[in-house]
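As provided, target17.pdb (PDB, C-alpha atoms) reads as follows.
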MODEL        1
ATOM      1  CA  MET R   1     -47.087 -45.760 -27.820  1.00  0.00           C
ATOM      2  CA  GLN R   2     -43.732 -43.942 -27.699  1.00  0.00           C
ATOM      3  CA  THR R   3     -43.073 -44.801 -31.344  1.00  0.00           C
ATOM      4  CA  ALA R   4     -46.461 -43.449 -32.391  1.00  0.00           C
ATOM      5  CA  ALA R   5     -45.778 -40.250 -30.438  1.00  0.00           C
ATOM      6  CA  HIS R   6     -42.420 -39.773 -32.147  1.00  0.00           C
ATOM      7  CA  ILE R   7     -43.926 -40.383 -35.579  1.00  0.00           C
ATOM      8  CA  LEU R   8     -46.700 -37.854 -34.957  1.00  0.00           C
ATOM      9  CA  VAL R   9     -44.282 -35.242 -33.612  1.00  0.00           C
ATOM     10  CA  GLY R  10     -42.102 -35.818 -36.683  1.00  0.00           C
ATOM     11  CA  LEU R  11     -45.091 -35.371 -38.978  1.00  0.00           C
ATOM     12  CA  VAL R  12     -46.108 -32.123 -37.285  1.00  0.00           C
ATOM     13  CA  ALA R  13     -42.495 -30.912 -37.541  1.00  0.00           C
ATOM     14  CA  ALA R  14     -42.457 -31.804 -41.253  1.00  0.00           C
ATOM     15  CA  LEU R  15     -45.774 -30.011 -41.777  1.00  0.00           C
ATOM     16  CA  HIS R  16     -44.372 -26.834 -40.271  1.00  0.00           C
ATOM     17  CA  ALA R  17     -41.174 -27.115 -42.300  1.00  0.00           C
ATOM     18  CA  TYR R  18     -43.376 -27.402 -45.409  1.00  0.00           C
ATOM     19  CA  ILE R  19     -45.367 -24.335 -44.341  1.00  0.00           C
ATOM     20  CA  LEU R  20     -42.057 -22.483 -43.900  1.00  0.00           C
ATOM     21  CA  VAL R  21     -41.128 -23.267 -47.500  1.00  0.00           C
ATOM     22  CA  LEU R  22     -44.554 -22.250 -48.800  1.00  0.00           C
ATOM     23  CA  GLU R  23     -44.664 -18.977 -46.908  1.00  0.00           C
ATOM     24  CA  MET R  24     -41.020 -17.927 -47.229  1.00  0.00           C
ATOM     25  CA  PHE R  25     -40.065 -19.116 -50.693  1.00  0.00           C
ATOM     26  CA  LEU R  26     -43.167 -20.063 -52.701  1.00  0.00           C
ATOM     27  CA  TRP R  27     -45.687 -17.428 -51.590  1.00  0.00           C
ATOM     28  CA  GLU R  28     -45.769 -15.655 -54.964  1.00  0.00           C
ATOM     29  CA  ARG R  29     -45.753 -18.902 -56.973  1.00  0.00           C
ATOM     30  CA  ALA R  30     -48.554 -21.381 -57.597  1.00  0.00           C
ATOM     31  CA  PRO R  31     -48.161 -23.452 -54.390  1.00  0.00           C
ATOM     32  CA  GLY R  32     -48.155 -20.394 -52.122  1.00  0.00           C
ATOM     33  CA  ARG R  33     -50.910 -18.639 -54.005  1.00  0.00           C
ATOM     34  CA  GLY R  34     -52.975 -21.818 -53.849  1.00  0.00           C
ATOM     35  CA  LEU R  35     -52.552 -21.829 -50.080  1.00  0.00           C
ATOM     36  CA  SER R  36     -53.534 -18.188 -49.672  1.00  0.00           C
ATOM     37  CA  GLY R  37     -56.000 -17.833 -52.533  1.00  0.00           C
ATOM     38  CA  PHE R  38     -54.388 -14.494 -53.404  1.00  0.00           C
ATOM     39  CA  ASP R  39     -53.917 -13.136 -56.903  1.00  0.00           C
ATOM     40  CA  ALA R  40     -50.380 -12.228 -58.025  1.00  0.00           C
ATOM     41  CA  GLU R  41     -50.648  -8.606 -56.880  1.00  0.00           C
ATOM     42  CA  MET R  42     -51.902  -9.464 -53.391  1.00  0.00           C
ATOM     43  CA  ALA R  43     -49.316 -12.249 -53.044  1.00  0.00           C
ATOM     44  CA  ARG R  44     -46.564  -9.783 -53.909  1.00  0.00           C
ATOM     45  CA  ALA R  45     -47.926  -7.212 -51.445  1.00  0.00           C
ATOM     46  CA  THR R  46     -48.199  -9.731 -48.596  1.00  0.00           C
ATOM     47  CA  ALA R  47     -44.958 -11.643 -49.264  1.00  0.00           C
ATOM     48  CA  PRO R  48     -43.018  -9.989 -46.394  1.00  0.00           C
ATOM     49  CA  LEU R  49     -45.816 -10.849 -43.947  1.00  0.00           C
ATOM     50  CA  ALA R  50     -45.959 -14.422 -45.218  1.00  0.00           C
ATOM     51  CA  ALA R  51     -42.187 -14.772 -44.915  1.00  0.00           C
ATOM     52  CA  ASN R  52     -42.401 -13.662 -41.292  1.00  0.00           C
ATOM     53  CA  GLN R  53     -45.110 -16.251 -40.622  1.00  0.00           C
ATOM     54  CA  GLY R  54     -42.994 -18.863 -42.366  1.00  0.00           C
ATOM     55  CA  LEU R  55     -40.067 -18.090 -40.110  1.00  0.00           C
ATOM     56  CA  TYR R  56     -42.241 -18.673 -37.037  1.00  0.00           C
ATOM     57  CA  ASN R  57     -43.375 -21.997 -38.493  1.00  0.00           C
ATOM     58  CA  GLY R  58     -39.714 -22.885 -38.931  1.00  0.00           C
ATOM     59  CA  PHE R  59     -39.095 -22.203 -35.250  1.00  0.00           C
ATOM     60  CA  LEU R  60     -41.965 -24.518 -34.344  1.00  0.00           C
ATOM     61  CA  SER R  61     -40.511 -27.224 -36.579  1.00  0.00           C
ATOM     62  CA  ALA R  62     -37.025 -26.778 -35.131  1.00  0.00           C
ATOM     63  CA  GLY R  63     -38.370 -26.973 -31.584  1.00  0.00           C
ATOM     64  CA  LEU R  64     -40.214 -30.190 -32.342  1.00  0.00           C
ATOM     65  CA  VAL R  65     -37.101 -31.724 -33.915  1.00  0.00           C
ATOM     66  CA  TRP R  66     -35.133 -30.670 -30.847  1.00  0.00           C
ATOM     67  CA  GLY R  67     -37.772 -32.401 -28.727  1.00  0.00           C
ATOM     68  CA  LEU R  68     -37.273 -35.586 -30.715  1.00  0.00           C
ATOM     69  CA  ILE R  69     -33.478 -35.662 -30.456  1.00  0.00           C
ATOM     70  CA  ALA R  70     -32.935 -34.287 -26.938  1.00  0.00           C
ATOM     71  CA  ALA R  71     -32.655 -36.718 -24.065  1.00  0.00           C
ATOM     72  CA  ASP R  72     -35.551 -36.920 -21.641  1.00  0.00           C
ATOM     73  CA  PRO R  73     -36.829 -35.154 -19.647  1.00  0.00           C
ATOM     74  CA  THR R  74     -35.807 -32.198 -21.855  1.00  0.00           C
ATOM     75  CA  GLY R  75     -37.003 -33.822 -25.091  1.00  0.00           C
ATOM     76  CA  TYR R  76     -40.362 -34.755 -23.639  1.00  0.00           C
ATOM     77  CA  ARG R  77     -40.877 -31.282 -22.196  1.00  0.00           C
ATOM     78  CA  ALA R  78     -39.832 -29.615 -25.456  1.00  0.00           C
ATOM     79  CA  GLN R  79     -42.332 -31.739 -27.374  1.00  0.00           C
ATOM     80  CA  ILE R  80     -45.127 -30.734 -25.004  1.00  0.00           C
ATOM     81  CA  PHE R  81     -44.169 -27.055 -25.142  1.00  0.00           C
ATOM     82  CA  PHE R  82     -43.829 -26.804 -28.919  1.00  0.00           C
ATOM     83  CA  LEU R  83     -46.927 -28.907 -29.629  1.00  0.00           C
ATOM     84  CA  SER R  84     -48.845 -26.629 -27.265  1.00  0.00           C
ATOM     85  CA  CYS R  85     -47.540 -23.644 -29.242  1.00  0.00           C
ATOM     86  CA  VAL R  86     -48.700 -25.309 -32.471  1.00  0.00           C
ATOM     87  CA  VAL R  87     -52.188 -25.838 -31.040  1.00  0.00           C
ATOM     88  CA  VAL R  88     -52.462 -22.270 -29.721  1.00  0.00           C
ATOM     89  CA  ALA R  89     -51.213 -20.810 -33.019  1.00  0.00           C
ATOM     90  CA  GLY R  90     -53.604 -23.041 -34.952  1.00  0.00           C
ATOM     91  CA  VAL R  91     -56.608 -22.075 -32.858  1.00  0.00           C
ATOM     92  CA  TYR R  92     -55.732 -18.390 -33.059  1.00  0.00           C
ATOM     93  CA  GLY R  93     -55.227 -18.597 -36.829  1.00  0.00           C
ATOM     94  CA  GLY R  94     -58.446 -20.539 -37.226  1.00  0.00           C
ATOM     95  CA  VAL R  95     -60.422 -17.970 -35.292  1.00  0.00           C
ATOM     96  CA  THR R  96     -58.822 -14.835 -36.751  1.00  0.00           C
ATOM     97  CA  ALA R  97     -57.716 -15.741 -40.276  1.00  0.00           C
ATOM     98  CA  ASN R  98     -59.134 -18.916 -41.803  1.00  0.00           C
ATOM     99  CA  ARG R  99     -61.063 -21.832 -40.293  1.00  0.00           C
ATOM    100  CA  ARG R 100     -59.008 -24.277 -42.388  1.00  0.00           C
ATOM    101  CA  ILE R 101     -56.102 -23.606 -40.048  1.00  0.00           C
ATOM    102  CA  LEU R 102     -57.996 -25.405 -37.294  1.00  0.00           C
ATOM    103  CA  LEU R 103     -57.918 -28.619 -39.329  1.00  0.00           C
ATOM    104  CA  ALA R 104     -54.532 -28.145 -40.966  1.00  0.00           C
ATOM    105  CA  GLN R 105     -52.551 -27.015 -37.926  1.00  0.00           C
ATOM    106  CA  ALA R 106     -54.411 -27.178 -34.621  1.00  0.00           C
ATOM    107  CA  LEU R 107     -55.895 -30.656 -35.056  1.00  0.00           C
ATOM    108  CA  PRO R 108     -52.642 -32.455 -35.996  1.00  0.00           C
ATOM    109  CA  GLY R 109     -50.869 -30.648 -33.161  1.00  0.00           C
ATOM    110  CA  ALA R 110     -53.580 -31.583 -30.671  1.00  0.00           C
ATOM    111  CA  ILE R 111     -53.549 -35.229 -31.732  1.00  0.00           C
ATOM    112  CA  ALA R 112     -49.767 -35.400 -31.472  1.00  0.00           C
ATOM    113  CA  LEU R 113     -49.877 -33.655 -28.075  1.00  0.00           C
ATOM    114  CA  ALA R 114     -52.467 -36.113 -26.769  1.00  0.00           C
ATOM    115  CA  VAL R 115     -50.382 -39.094 -27.884  1.00  0.00           C
ATOM    116  CA  VAL R 116     -47.170 -37.631 -26.417  1.00  0.00           C
ATOM    117  CA  LEU R 117     -48.921 -37.064 -23.096  1.00  0.00           C
ATOM    118  CA  ALA R 118     -50.430 -40.570 -23.170  1.00  0.00           C
ATOM    119  CA  ALA R 119     -47.027 -42.083 -23.939  1.00  0.00           C
ATOM    120  CA  GLY R 120     -45.587 -39.963 -21.068  1.00  0.00           C
TER     121      GLY R 120
ENDMDL
END
Transcribe the structure of this file into C-alpha cells.
Amino acid sequence: MQTAAHILVGLVAALHAYILVLEMFLWERAPGRGLSGFDAEMARATAPLAANQGLYNGFLSAGLVWGLIAADPTGYRAQIFFLSCVVVAGVYGGVTANRRILLAQALPGAIALAVVLAAG
C-alpha cells in the first residue's frame, strides 16, 4: 500500500509540475491556449495571472516531492498537508472557474490522499 501511495503522490506532483509549465511558459502557445480555451488576445492579457497560478502549482508539486523524500513522520505529514491543499484548490477552482478542475485536480488529489491515509 505504501508503494501505491508513493506512486500516486508522485503522479500528483508531476501533474502540478506540468500545470506549472503550461501556465507559466506555454500559456500563449497552443498547449496553454488549449487548456484555457482563450484566443491569442485573451491569452496574452491573462498571461501574468496564469503565471501566478502556475507558480502556486509549482509550490504544490515541490511540497509533494518534499513529502516523498523527507523521513517520516515529516514526509507523511507533508504529503497529507499538500494533498489536502491540492484537493481544496481543486474544489475551489471547480466551483469558481471550471468544473473540469474537479476531475483534473481535486479527484487525483483526493484519491492520492485517501491512499496515503490508508497506508498510514
Taking (-42.7, -37.0, -29.2) as a centre in this file's frame and 9 Å as the limit, can you find every polymer residue with an atom that close, using all atoms listed in the file, and give them as a PDB file with C-alpha atoms, in the frame of the given file?
ATOM      1  CA  GLN R   2     -43.732 -43.942 -27.699  1.00  0.00           C
ATOM      2  CA  THR R   3     -43.073 -44.801 -31.344  1.00  0.00           C
ATOM      3  CA  ALA R   4     -46.461 -43.449 -32.391  1.00  0.00           C
ATOM      4  CA  ALA R   5     -45.778 -40.250 -30.438  1.00  0.00           C
ATOM      5  CA  HIS R   6     -42.420 -39.773 -32.147  1.00  0.00           C
ATOM      6  CA  ILE R   7     -43.926 -40.383 -35.579  1.00  0.00           C
ATOM      7  CA  LEU R   8     -46.700 -37.854 -34.957  1.00  0.00           C
ATOM      8  CA  VAL R   9     -44.282 -35.242 -33.612  1.00  0.00           C
ATOM      9  CA  GLY R  10     -42.102 -35.818 -36.683  1.00  0.00           C
ATOM     10  CA  LEU R  64     -40.214 -30.190 -32.342  1.00  0.00           C
ATOM     11  CA  GLY R  67     -37.772 -32.401 -28.727  1.00  0.00           C
ATOM     12  CA  LEU R  68     -37.273 -35.586 -30.715  1.00  0.00           C
ATOM     13  CA  GLY R  75     -37.003 -33.822 -25.091  1.00  0.00           C
ATOM     14  CA  TYR R  76     -40.362 -34.755 -23.639  1.00  0.00           C
ATOM     15  CA  ALA R  78     -39.832 -29.615 -25.456  1.00  0.00           C
ATOM     16  CA  GLN R  79     -42.332 -31.739 -27.374  1.00  0.00           C
ATOM     17  CA  ILE R  80     -45.127 -30.734 -25.004  1.00  0.00           C
ATOM     18  CA  ALA R 112     -49.767 -35.400 -31.472  1.00  0.00           C
ATOM     19  CA  LEU R 113     -49.877 -33.655 -28.075  1.00  0.00           C
ATOM     20  CA  VAL R 115     -50.382 -39.094 -27.884  1.00  0.00           C
ATOM     21  CA  VAL R 116     -47.170 -37.631 -26.417  1.00  0.00           C
ATOM     22  CA  LEU R 117     -48.921 -37.064 -23.096  1.00  0.00           C
ATOM     23  CA  ALA R 119     -47.027 -42.083 -23.939  1.00  0.00           C
TER      24      ALA R 119
END
Taking (-55.9, -22.7, -32.8) in the file's coordinates, which residues come within 12 Å, counting only C-alpha atoms, written as an mmCIF file with C-alpha atoms, in the coordinates of the input?
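Saved result, part_5.cif, follows:
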data_model
loop_
_atom_site.group_PDB
_atom_site.id
_atom_site.type_symbol
_atom_site.label_atom_id
_atom_site.label_comp_id
_atom_site.auth_asym_id
_atom_site.auth_seq_id
_atom_site.Cartn_x
_atom_site.Cartn_y
_atom_site.Cartn_z
ATOM 1 C CA LEU R 83 -46.927 -28.907 -29.629
ATOM 2 C CA SER R 84 -48.845 -26.629 -27.265
ATOM 3 C CA CYS R 85 -47.540 -23.644 -29.242
ATOM 4 C CA VAL R 86 -48.700 -25.309 -32.471
ATOM 5 C CA VAL R 87 -52.188 -25.838 -31.040
ATOM 6 C CA VAL R 88 -52.462 -22.270 -29.721
ATOM 7 C CA ALA R 89 -51.213 -20.810 -33.019
ATOM 8 C CA GLY R 90 -53.604 -23.041 -34.952
ATOM 9 C CA VAL R 91 -56.608 -22.075 -32.858
ATOM 10 C CA TYR R 92 -55.732 -18.390 -33.059
ATOM 11 C CA GLY R 93 -55.227 -18.597 -36.829
ATOM 12 C CA GLY R 94 -58.446 -20.539 -37.226
ATOM 13 C CA VAL R 95 -60.422 -17.970 -35.292
ATOM 14 C CA THR R 96 -58.822 -14.835 -36.751
ATOM 15 C CA ALA R 97 -57.716 -15.741 -40.276
ATOM 16 C CA ASN R 98 -59.134 -18.916 -41.803
ATOM 17 C CA ARG R 99 -61.063 -21.832 -40.293
ATOM 18 C CA ARG R 100 -59.008 -24.277 -42.388
ATOM 19 C CA ILE R 101 -56.102 -23.606 -40.048
ATOM 20 C CA LEU R 102 -57.996 -25.405 -37.294
ATOM 21 C CA LEU R 103 -57.918 -28.619 -39.329
ATOM 22 C CA ALA R 104 -54.532 -28.145 -40.966
ATOM 23 C CA GLN R 105 -52.551 -27.015 -37.926
ATOM 24 C CA ALA R 106 -54.411 -27.178 -34.621
ATOM 25 C CA LEU R 107 -55.895 -30.656 -35.056
ATOM 26 C CA PRO R 108 -52.642 -32.455 -35.996
ATOM 27 C CA GLY R 109 -50.869 -30.648 -33.161
ATOM 28 C CA ALA R 110 -53.580 -31.583 -30.671
#
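Taking CA of Ala114 in chain R and CA of Ala17 in chain R as endpoints, the distance between them is 21.2 Å.
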Determine the nearest neighbour of Gly58 in chain R from the options R:Leu11, R:Ala30, R:Ala45, R:Val21, counting all atoms listed in the file. R:Val21
Which residue gives the smallest distance to Tyr56 in chain R among R:Ala14, R:Leu20, R:Ala118, R:Ala71, with all atoms listed in the file counted?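 When distances to Tyr56 in chain R are compared using all atoms listed in the file, the smallest one comes from R:Leu20.
Taking CA of Ile69 in chain R and CA of Phe25 in chain R as endpoints, the distance between them is 27.0 Å.
Atom pair CA of Phe38 in chain R / CA of Phe59 in chain R: separated by 25.0 Å.
Of the residues under consideration (R:Pro31, R:Leu15, R:Ile111, R:Met42), R:Leu15 shows the shortest atom-to-atom contact distance to Ala62 in chain R when counting all atoms listed in the file.
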Using all atoms listed in the file, pick whichever of R:Trp66, R:Gln53, R:Leu26, R:Ser61 has the shortest atom-to-atom distance to Ala40 in chain R.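 Closest residue, counting all atoms listed in the file: R:Leu26.
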Given all atoms listed in the file as the basis, pick out the residue of R:Thr74, R:Leu60, R:Val65, R:Ser36 nearest to His16 in chain R.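 For His16 in chain R, the nearest of the candidates is R:Leu60.
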